[in-house]
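Visitor: Pasting in a structure now, in structure tokens, and then I'll have a few things to ask.
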Amino acid sequence: MRRKKHWNELTTGQKASVFLSSAVQLSLLLAALADLRKRPAAQINGPKPAWAVGSFISFFGPIAYFLFGRKKVGQPSAFGQSR
């Protein structure tokens with residue numbers, strides 16, 4: 001079994017990678033929660049509390065919310081008409 005590295009044992013590149021992935025994950029989480037807060041429940045597939053909890057699941061929760069949680073309401077189609 002491999003021993004986990006401590007923070008001071010990581011290279012500068014590895015530390016930067018940890019910071020970057022953390023910043024992306026936090027940004028996705030905050031964007032999903034902000035969107036959930038302002039979007040009416042009628043425009044969301046499923047219960048808002050469930051999507052809020054699901055947003056805390058790593059990168060997958062917020063991405064799943066943006067892909068599957070929001071209803072596509074009133075967006076113009078390829079022919080310029082609303083659906």
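Please note that chains go A, B, ... in the order of the structure tokens, that every chain numbers its residues from 1, and that ligands are numbered from 1 in the order shown.
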Got a sec: who's within 9 Å of Tyr65 (chain A), counting only C-alpha atoms, leaving out chain neighbours fewer than 5 positions off, as a ChimeraX atom specification?

Guide: /A:32,51-52,54-55,60,70

Visitor: Print the selection's residues with N, CA, C and O atoms to a file, as a PDB file, in the first residue's frame.

Guide:
ATOM      1  N   ALA A  32     -23.723  26.472  -9.494  1.00  0.00           N
ATOM      2  CA  ALA A  32     -24.914  25.622  -9.434  1.00  0.00           C
ATOM      3  C   ALA A  32     -25.845  26.069  -8.309  1.00  0.00           C
ATOM      4  O   ALA A  32     -27.064  26.171  -8.507  1.00  0.00           O
ATOM      5  N   TRP A  51     -31.244  18.627  -5.793  1.00  0.00           N
ATOM      6  CA  TRP A  51     -30.167  19.138  -6.647  1.00  0.00           C
ATOM      7  C   TRP A  51     -29.143  19.925  -5.827  1.00  0.00           C
ATOM      8  O   TRP A  51     -27.949  19.897  -6.130  1.00  0.00           O
ATOM      9  N   ALA A  52     -29.606  20.618  -4.791  1.00  0.00           N
ATOM     10  CA  ALA A  52     -28.669  21.366  -3.940  1.00  0.00           C
ATOM     11  C   ALA A  52     -27.718  20.399  -3.228  1.00  0.00           C
ATOM     12  O   ALA A  52     -26.503  20.615  -3.204  1.00  0.00           O
ATOM     13  N   GLY A  54     -27.072  17.287  -4.192  1.00  0.00           N
ATOM     14  CA  GLY A  54     -26.296  16.629  -5.236  1.00  0.00           C
ATOM     15  C   GLY A  54     -25.168  17.478  -5.782  1.00  0.00           C
ATOM     16  O   GLY A  54     -24.162  16.962  -6.274  1.00  0.00           O
ATOM     17  N   SER A  55     -25.303  18.795  -5.676  1.00  0.00           N
ATOM     18  CA  SER A  55     -24.258  19.694  -6.163  1.00  0.00           C
ATOM     19  C   SER A  55     -22.961  19.568  -5.372  1.00  0.00           C
ATOM     20  O   SER A  55     -21.906  19.972  -5.853  1.00  0.00           O
ATOM     21  N   PHE A  60     -19.035  16.075 -10.359  1.00  0.00           N
ATOM     22  CA  PHE A  60     -20.160  15.462 -11.053  1.00  0.00           C
ATOM     23  C   PHE A  60     -21.505  16.073 -10.696  1.00  0.00           C
ATOM     24  O   PHE A  60     -22.374  16.178 -11.559  1.00  0.00           O
ATOM     25  N   ARG A  70     -31.786  21.405 -15.219  1.00  0.00           N
ATOM     26  CA  ARG A  70     -32.510  22.592 -15.666  1.00  0.00           C
ATOM     27  C   ARG A  70     -33.352  22.270 -16.894  1.00  0.00           C
ATOM     28  O   ARG A  70     -32.877  21.641 -17.827  1.00  0.00           O
TER      29      ARG A  70
END

Visitor: Could you state the separation of CA of Gly46 (chain A) and CA of Gly69 (chain A) in Å, given to one decimal place?

Guide: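 Distance reported for this atom pair: 7.1 Å.
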
Visitor: Measuring between only C-alpha atoms, which one of A:Lys71, A:Asn8, A:Pro62, A:Leu29 shows the shortest distance to Ala42 (chain A)?

Guide: A:Lys71

Visitor: Taking into account only C-alpha atoms, which residue in the set A:Lys72, A:Met1, A:Ile44, A:Phe56 is nearest to Leu30 (chain A)?

Guide: A:Phe56

Visitor: Enumerate, as a ChimeraX atom specification, the complete set of residues in chain A that a backbone-based DSSP assignment places in helix (DSSP H, G or I).

Guide: /A:7-9,12-38,41-43,48-54,60-69

Visitor: Hey, can you check how far CA of Val53 (chain A) sits from CA of Ser21 (chain A)?

Guide: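 Interatomic distance here is 20.3 Å.
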
Visitor: Please measure the separation of CA of Val73 (chain A) and CA of Phe59 (chain A), giving the value in Å to one decimal.

Guide: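 So the two atoms, CA of Val73 (chain A) and CA of Phe59 (chain A), lie 25.0 Å apart.
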
Visitor: For Ala31 (chain A), which residue among A:Leu10, A:Ile57, A:Ala16, A:Ile63 is the nearest when counting only C-alpha atoms?

Guide: A:Ile63
